[in-house]
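Below you'll find the structure, written out as structure tokens, and then a few comments.
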Amino acid sequence: MNRRDALKLVAAGAAGLGLNETALAFPFGSAKKRELTAPEDAFLEDLTQAGCRYFWEEASDKTGQVRDRALAQIPSSHGKESRRVSSIAATGFGLTALCIADWRGYLPRNDIRLRVLHTLQYHWEQMPQEHGFFYHYNDMETGVRAFKCELSSIDTCIFLCGALMAREYFKNTSGLGPQIAELATKIYDRVDFPWMLNKETQFSMGWTPEFGFLAVRWQHYCELMMLVLLAIGSNTHPIDGIYWQYFRRPIASYSGIRYISGPDPLFTHQFSHAWFDFRNLRDKFANYFDNSISATRAHRAFCLSMKQWYNDDYWGVTASDSQRGYQAWGGPPVLGHIDGSVVPCATAGSVAFLPQECLRVLMSLRDRYGREAWGRYGFTDALRPSAHWYNDDVLGIDQGIGVLMAENLRTEMIWATFMQADEIRLAITKSGLHTQ
């Protein structure tokens with residue numbers, strides 16, 4: 001089974017939005033400011049605005065569910081997008097993107113808070129769920145399960161990260177803040193994590209009403225870290241901290257770089273880090289932030305070894321669309337049929353790990369391939385210029401990881417906000433993670 005199987009922005013056109021500098025009031029004091037060149041910061045501002053635009057325009061006013069994918073060049077705001085499949089993970093990324101949009105003043109604050117509130121209300125009161133877990137894909141207007149897909153353990157957790165981020169960001173604000181916080185907590189507390197273990201030591205990847213629990217389980221290090229930590233920190237259905245020890249941590253080695261990794265795409269080293277700040281934490285196995293730096297370095301070296309396709313300005317492949325359809329591709333080792341395509345979210349999602357190298361690629365992609373690679377919502381999902389191929393779509397989860405990691409690079413706002421959650425602090429302690 002495939003693991004992966006945003007009112008308009010104020011006075012905004014496709015060219016961008018005006019930034020309300022007075023809106024940059026950090027929830028916990030002064031935000032840290034990364035030393036970036038003016039062109040780098042301007043580029044990241046464009047990327048962030050475009051991504052937030054996606055999560056505003058490509059979401060249902062009724063349910064708050066975010067469209068799984070949309071046309072890169074002709075958005076639904078122009079009446080051209082008819083697909084209604086949403087992704088619970090994209091919706092989680094979207095809740096966090098709305099916090100960024102509020103903080104940076106991209107939209108009227110009351111409109112953002114109403115959207116967040118309605119999203120959480122719908123997911124608490126009406127969204128189909130079992131034991132608190134949501135289906136992977138749904139009809140964005142009705143919430144009805146799509147494709148006979150599974151209740152997804154990891155995609156539900158991406159939504160939970162977004163809900164907890166919204167709680168921590170809005171909880172001390174006037175007006176709707178307390179309601180947002182209460183609903184986010186209710187949604188989190190409803191999740192019966194031990195049920196998804198199904199009497200095993202590792203979580204099932206999902207459950208269907210037709211066949212029960214999926215046989216495939218979260219067995220080795222990847223994006224699963226968020227799942228285990230959310231379960232350990234649960235107020236109502238916790239698992240013991242010992243479960244942090246139960247997933248395997250295989251050692252990979254490439255070009256003299258050693259790191260923990262399974263044979264998985266690069267995104268597995270990114271997703272948990274969008275919310276969890278692992279920079280100054282370690283356990284007896286690793287500092288997982290440093291591990292993701294190493295994994296990104298290894299991936300870059302892997303790409304650059306294929307000199308017929310890749311160079312310092314053009315590299316990065318992770319699970320995405322391709323000319324052959326959706327692929328969980330990348331490496332090392334080689335995954336899928338690598339053909340010289342590049343996936344912008346590979347470097348966007350690692351921009352907090354290797355800023356200089358990743359920004360060089362991202363800025364070069366936009367400068368060199370221009371309109372074909374960059375549209376209303378930012379980068380298309382994948383491109384292969386040598387074959388004159390630019391994907392027609394953008395994907396919500398791929399836009400999301402780039403937007404969140406760009407903000408973490410620039411100001412650390414998501415990390416600082418999310419890590420204030422009492423449940424997350426408890427999970428860190430119970431798991432055995434500790435400051436270095």
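Residue names in the structure tokens use chain letters A, B, ... in the order shown, residue numbers from 1 in each chain, and ligand numbers from 1 in the order shown.
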Per-residue DSSP, stretch 261-410 of chain A, filtered to strand (DSSP E or B), as a list in words
Leu281, Arg282, Asn311, Tyr314, Ser320, Gln327, Gly330, Leu335, Val342, Trp374, Gly375, Gly378, Phe379, Leu383, Arg384, Trp389, Tyr390, Asp393, Val394 and Leu395 of chain A
Saved selection, atoms kept: C-alpha atoms, as a PDB file, in the first residue's frame:
ATOM      1  CA  LEU A 281      17.548  16.454  21.828  1.00  0.00           C
ATOM      2  CA  ARG A 282      18.994  12.992  21.624  1.00  0.00           C
ATOM      3  CA  ASN A 311      24.305  19.143 -10.530  1.00  0.00           C
ATOM      4  CA  TYR A 314      19.497  20.738  -9.837  1.00  0.00           C
ATOM      5  CA  SER A 320       5.944  12.597  -5.931  1.00  0.00           C
ATOM      6  CA  GLN A 327       6.262   7.132  -7.339  1.00  0.00           C
ATOM      7  CA  GLY A 330      14.657   8.583  -4.511  1.00  0.00           C
ATOM      8  CA  LEU A 335      14.158   3.703  -5.377  1.00  0.00           C
ATOM      9  CA  VAL A 342      13.540  16.771  -9.786  1.00  0.00           C
ATOM     10  CA  TRP A 374       6.234  28.012 -10.721  1.00  0.00           C
ATOM     11  CA  GLY A 375       2.561  28.920 -10.599  1.00  0.00           C
ATOM     12  CA  GLY A 378       4.552  27.922  -5.975  1.00  0.00           C
ATOM     13  CA  PHE A 379       6.419  25.023  -7.518  1.00  0.00           C
ATOM     14  CA  LEU A 383       9.538  18.534 -13.351  1.00  0.00           C
ATOM     15  CA  ARG A 384      11.796  17.021 -15.977  1.00  0.00           C
ATOM     16  CA  TRP A 389       7.677  17.767 -18.770  1.00  0.00           C
ATOM     17  CA  TYR A 390       6.266  19.852 -15.938  1.00  0.00           C
ATOM     18  CA  ASP A 393      -0.538  19.399 -10.376  1.00  0.00           C
ATOM     19  CA  VAL A 394       0.600  20.517  -6.971  1.00  0.00           C
ATOM     20  CA  LEU A 395       0.087  18.193  -3.996  1.00  0.00           C
TER      21      LEU A 395
END
Who sits within 7 Å of A:Gly316, only C-alpha atoms, same chain under 2 positions skipped, as a ChimeraX atom specification
/A:300,303,318,342-344,346-347
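Closest approach to A:Ser152 among A:Gln126, A:Gln420, A:Ser294, A:Ser204: A:Ser204, based on only C-alpha atoms.
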Would you give me, as a ChimeraX atom specification, the residues in stretch 66-201 of chain A that DSSP reads as alpha helix (DSSP H)?
/A:88-103,109-125,153-170,177-190,193-197
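Distance annotation: of A:Leu354, A:Thr96, A:Asp339, A:Thr185, the residue with the minimal separation from A:Tyr169 is A:Thr96; atom set is only C-alpha atoms.
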Point out the residue among A:Trp309, A:Tyr243, A:Trp329, A:Tyr369 with the least atom-to-atom distance to A:Lys430, counting only C-alpha atoms.
A:Tyr243
I'd like the neighbourhood of A:Phe211 as a short mmCIF file (atom, residue, chain, number, x, y, z; two decimals) with N, CA and C atoms, in the first residue's frame, where a residue qualifies if any of its atoms comes within 12 Å (using only C-alpha atoms), though same-chain residues fewer than 4 positions away should be ignored.
data_model
loop_
_atom_site.label_atom_id
_atom_site.label_comp_id
_atom_site.auth_asym_id
_atom_site.auth_seq_id
_atom_site.Cartn_x
_atom_site.Cartn_y
_atom_site.Cartn_z
N LYS A 148 -12.26 3.75 -0.88
CA LYS A 148 -12.22 2.65 0.10
C LYS A 148 -10.87 2.61 0.80
N CYS A 149 -10.33 3.79 1.12
CA CYS A 149 -9.00 3.90 1.72
C CYS A 149 -9.05 3.52 3.19
N GLU A 150 -7.87 3.48 3.79
CA GLU A 150 -7.72 3.05 5.17
C GLU A 150 -7.87 4.22 6.14
N LEU A 151 -8.28 3.92 7.37
CA LEU A 151 -8.00 4.83 8.46
C LEU A 151 -6.49 4.86 8.57
N GLY A 206 -2.73 1.14 9.36
CA GLY A 206 -4.12 1.55 9.20
C GLY A 206 -5.11 0.43 9.42
N TRP A 207 -6.36 0.74 9.18
CA TRP A 207 -7.48 -0.17 9.41
C TRP A 207 -8.58 0.14 8.39
N ALA A 215 -1.79 -5.42 7.71
CA ALA A 215 -0.71 -6.26 8.22
C ALA A 215 0.60 -5.49 8.32
#
Within 10 Å of A:Ala163, counting only C-alpha atoms, which residues show up once you throw out same-chain ones fewer than 3 positions away? Write them as a ChimeraX atom specification, please.
/A:91-96,116,119-120,157-160,166-169,180-181,183-185,187-188,418
Would you export the selected residues with N, CA, C and O atoms as an mmCIF file, in the first residue's frame, please?
data_model
loop_
_atom_site.group_PDB
_atom_site.id
_atom_site.type_symbol
_atom_site.label_atom_id
_atom_site.label_comp_id
_atom_site.auth_asym_id
_atom_site.auth_seq_id
_atom_site.Cartn_x
_atom_site.Cartn_y
_atom_site.Cartn_z
ATOM 1 N N THR A 91 -4.739 18.536 5.247
ATOM 2 C CA THR A 91 -5.509 19.400 6.140
ATOM 3 C C THR A 91 -4.710 19.735 7.392
ATOM 4 O O THR A 91 -4.767 20.858 7.904
ATOM 5 N N GLY A 92 -3.921 18.783 7.893
ATOM 6 C CA GLY A 92 -3.048 19.061 9.031
ATOM 7 C C GLY A 92 -1.964 20.059 8.696
ATOM 8 O O GLY A 92 -1.689 20.986 9.470
ATOM 9 N N PHE A 93 -1.340 19.887 7.530
ATOM 10 C CA PHE A 93 -0.379 20.893 7.078
ATOM 11 C C PHE A 93 -1.074 22.244 6.927
ATOM 12 O O PHE A 93 -0.504 23.299 7.247
ATOM 13 N N GLY A 94 -2.326 22.228 6.434
ATOM 14 C CA GLY A 94 -3.062 23.455 6.226
ATOM 15 C C GLY A 94 -3.354 24.213 7.507
ATOM 16 O O GLY A 94 -3.286 25.448 7.543
ATOM 17 N N LEU A 95 -3.690 23.508 8.580
ATOM 18 C CA LEU A 95 -3.932 24.183 9.858
ATOM 19 C C LEU A 95 -2.680 24.922 10.319
ATOM 20 O O LEU A 95 -2.756 26.039 10.857
ATOM 21 N N THR A 96 -1.523 24.313 10.112
ATOM 22 C CA THR A 96 -0.277 24.981 10.484
ATOM 23 C C THR A 96 0.015 26.147 9.547
ATOM 24 O O THR A 96 0.462 27.217 9.986
ATOM 25 N N VAL A 116 -10.119 28.063 10.968
ATOM 26 C CA VAL A 116 -9.549 27.065 11.872
ATOM 27 C C VAL A 116 -10.629 26.495 12.786
ATOM 28 O O VAL A 116 -10.726 25.270 12.978
ATOM 29 N N THR A 119 -12.961 24.208 10.873
ATOM 30 C CA THR A 119 -12.276 22.957 10.533
ATOM 31 C C THR A 119 -12.281 22.007 11.715
ATOM 32 O O THR A 119 -12.621 20.825 11.591
ATOM 33 N N LEU A 120 -11.914 22.501 12.867
ATOM 34 C CA LEU A 120 -11.870 21.661 14.054
ATOM 35 C C LEU A 120 -13.271 21.226 14.486
ATOM 36 O O LEU A 120 -13.467 20.066 14.897
ATOM 37 N N CYS A 157 -2.031 11.485 12.408
ATOM 38 C CA CYS A 157 -1.084 12.191 13.272
ATOM 39 C C CYS A 157 -0.601 13.495 12.653
ATOM 40 O O CYS A 157 -0.332 14.460 13.374
ATOM 41 N N ILE A 158 -0.479 13.550 11.347
ATOM 42 C CA ILE A 158 -0.150 14.822 10.700
ATOM 43 C C ILE A 158 -1.268 15.830 10.956
ATOM 44 O O ILE A 158 -1.014 17.009 11.255
ATOM 45 N N PHE A 159 -2.520 15.363 10.889
ATOM 46 C CA PHE A 159 -3.640 16.248 11.225
ATOM 47 C C PHE A 159 -3.564 16.671 12.690
ATOM 48 O O PHE A 159 -3.790 17.843 13.025
ATOM 49 N N LEU A 160 -3.262 15.736 13.589
ATOM 50 C CA LEU A 160 -3.165 16.065 15.006
ATOM 51 C C LEU A 160 -2.070 17.092 15.268
ATOM 52 O O LEU A 160 -2.237 17.989 16.100
ATOM 53 N N ALA A 166 -2.317 24.657 16.035
ATOM 54 C CA ALA A 166 -3.341 25.704 16.084
ATOM 55 C C ALA A 166 -3.746 25.995 17.528
ATOM 56 O O ALA A 166 -3.969 27.157 17.910
ATOM 57 N N ARG A 167 -3.865 24.954 18.343
ATOM 58 C CA ARG A 167 -4.206 25.164 19.756
ATOM 59 C C ARG A 167 -3.166 26.030 20.447
ATOM 60 O O ARG A 167 -3.501 27.014 21.127
ATOM 61 N N GLU A 168 -1.891 25.663 20.302
ATOM 62 C CA GLU A 168 -0.834 26.389 20.991
ATOM 63 C C GLU A 168 -0.681 27.811 20.463
ATOM 64 O O GLU A 168 -0.358 28.728 21.224
ATOM 65 N N TYR A 169 -0.925 28.001 19.170
ATOM 66 C CA TYR A 169 -0.775 29.335 18.578
ATOM 67 C C TYR A 169 -1.923 30.261 18.992
ATOM 68 O O TYR A 169 -1.710 31.435 19.314
ATOM 69 N N ILE A 180 -10.982 27.252 19.884
ATOM 70 C CA ILE A 180 -10.046 26.493 19.054
ATOM 71 C C ILE A 180 -9.251 25.531 19.912
ATOM 72 O O ILE A 180 -9.104 24.348 19.584
ATOM 73 N N ALA A 181 -8.738 26.032 21.035
ATOM 74 C CA ALA A 181 -7.925 25.198 21.913
ATOM 75 C C ALA A 181 -8.724 24.020 22.458
ATOM 76 O O ALA A 181 -8.226 22.887 22.502
ATOM 77 N N LEU A 183 -11.377 22.482 21.196
ATOM 78 C CA LEU A 183 -11.688 21.493 20.162
ATOM 79 C C LEU A 183 -10.458 20.684 19.773
ATOM 80 O O LEU A 183 -10.546 19.464 19.589
ATOM 81 N N ALA A 184 -9.311 21.347 19.637
ATOM 82 C CA ALA A 184 -8.095 20.625 19.288
ATOM 83 C C ALA A 184 -7.773 19.579 20.339
ATOM 84 O O ALA A 184 -7.385 18.439 20.015
ATOM 85 N N THR A 185 -7.930 19.935 21.613
ATOM 86 C CA THR A 185 -7.660 18.987 22.682
ATOM 87 C C THR A 185 -8.634 17.822 22.639
ATOM 88 O O THR A 185 -8.239 16.659 22.825
ATOM 89 N N ILE A 187 -10.151 16.556 20.046
ATOM 90 C CA ILE A 187 -9.831 15.692 18.911
ATOM 91 C C ILE A 187 -8.631 14.813 19.244
ATOM 92 O O ILE A 187 -8.630 13.610 18.961
ATOM 93 N N TYR A 188 -7.617 15.386 19.837
ATOM 94 C CA TYR A 188 -6.426 14.628 20.234
ATOM 95 C C TYR A 188 -6.779 13.575 21.292
ATOM 96 O O TYR A 188 -6.389 12.403 21.186
ATOM 97 N N PHE A 418 4.828 24.795 18.781
ATOM 98 C CA PHE A 418 4.361 23.417 18.961
ATOM 99 C C PHE A 418 4.983 22.775 20.198
ATOM 100 O O PHE A 418 4.304 22.062 20.950
#
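Remark: for A:Leu164, the closest of the candidate residues A:Ser87, A:Ser341, A:Ser234, A:Thr201 is A:Ser234 (distances computed over only C-alpha atoms).
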Top pick for closest residue to A:Thr380, considering A:Ala72, A:Leu44, A:Ala50, A:Leu433 and counting only C-alpha atoms
A:Ala72
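Remark: for A:Tyr377, the closest of the candidate residues A:Pro333, A:Gly402, A:Pro355, A:Gly143 is A:Gly402 (distances computed over only C-alpha atoms).
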Might you pull out every residue within 12 Å of A:His337, with only C-alpha atoms counted and same-chain residues fewer than 6 positions away left off, and present them as a list in words?
Val317, Thr318, Ala319, Asp321, Ser322, Gln323, Arg324, Gly325, Tyr326, Gln327, Ala328, Trp329, Gly330 and Gly331 of chain A
Filtering to C-alpha atoms, could you give me those residues as an mmCIF file, in the first residue's frame?
data_model
loop_
_atom_site.group_PDB
_atom_site.id
_atom_site.type_symbol
_atom_site.label_atom_id
_atom_site.label_comp_id
_atom_site.auth_asym_id
_atom_site.auth_seq_id
_atom_site.Cartn_x
_atom_site.Cartn_y
_atom_site.Cartn_z
ATOM 1 C CA VAL A 317 13.980 13.461 -5.531
ATOM 2 C CA THR A 318 11.342 12.262 -3.079
ATOM 3 C CA ALA A 319 7.915 10.658 -3.327
ATOM 4 C CA ASP A 321 4.238 12.518 -9.282
ATOM 5 C CA SER A 322 6.277 11.497 -12.307
ATOM 6 C CA GLN A 323 5.696 10.985 -16.007
ATOM 7 C CA ARG A 324 4.903 7.373 -15.088
ATOM 8 C CA GLY A 325 2.471 8.315 -12.312
ATOM 9 C CA TYR A 326 2.972 8.603 -8.575
ATOM 10 C CA GLN A 327 6.262 7.132 -7.339
ATOM 11 C CA ALA A 328 7.875 6.623 -3.954
ATOM 12 C CA TRP A 329 11.262 7.264 -5.519
ATOM 13 C CA GLY A 330 14.657 8.583 -4.511
ATOM 14 C CA GLY A 331 17.654 7.116 -2.708
#
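Going from atom CA of A:Arg84 to atom CA of A:Arg67 covers 6.5 Å.
Close contacts of A:Asp192, defined as residues with an atom at most 8 Å away when counting only C-alpha atoms, with chain neighbours fewer than 2 positions off set aside, comprise His131, Gly132, Phe133, Asp189, Arg190, Pro194, Trp195, Met196, Thr236 and His237 of chain A.
For the pair atom CA of A:Phe134 and atom CA of A:Gly262, the separation is 26.1 Å.
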Which residues are close to A:Val403, i.e. within 7 Å by only C-alpha atoms, leaving aside same-chain residues fewer than 6 positions away? Reply as a PyMOL selection string.
chain A and resi 47-48+51
Rounded to one decimal place, report the atom CA of A:His269-atom CA of A:Cys222 distance in Å.
6.2 Å
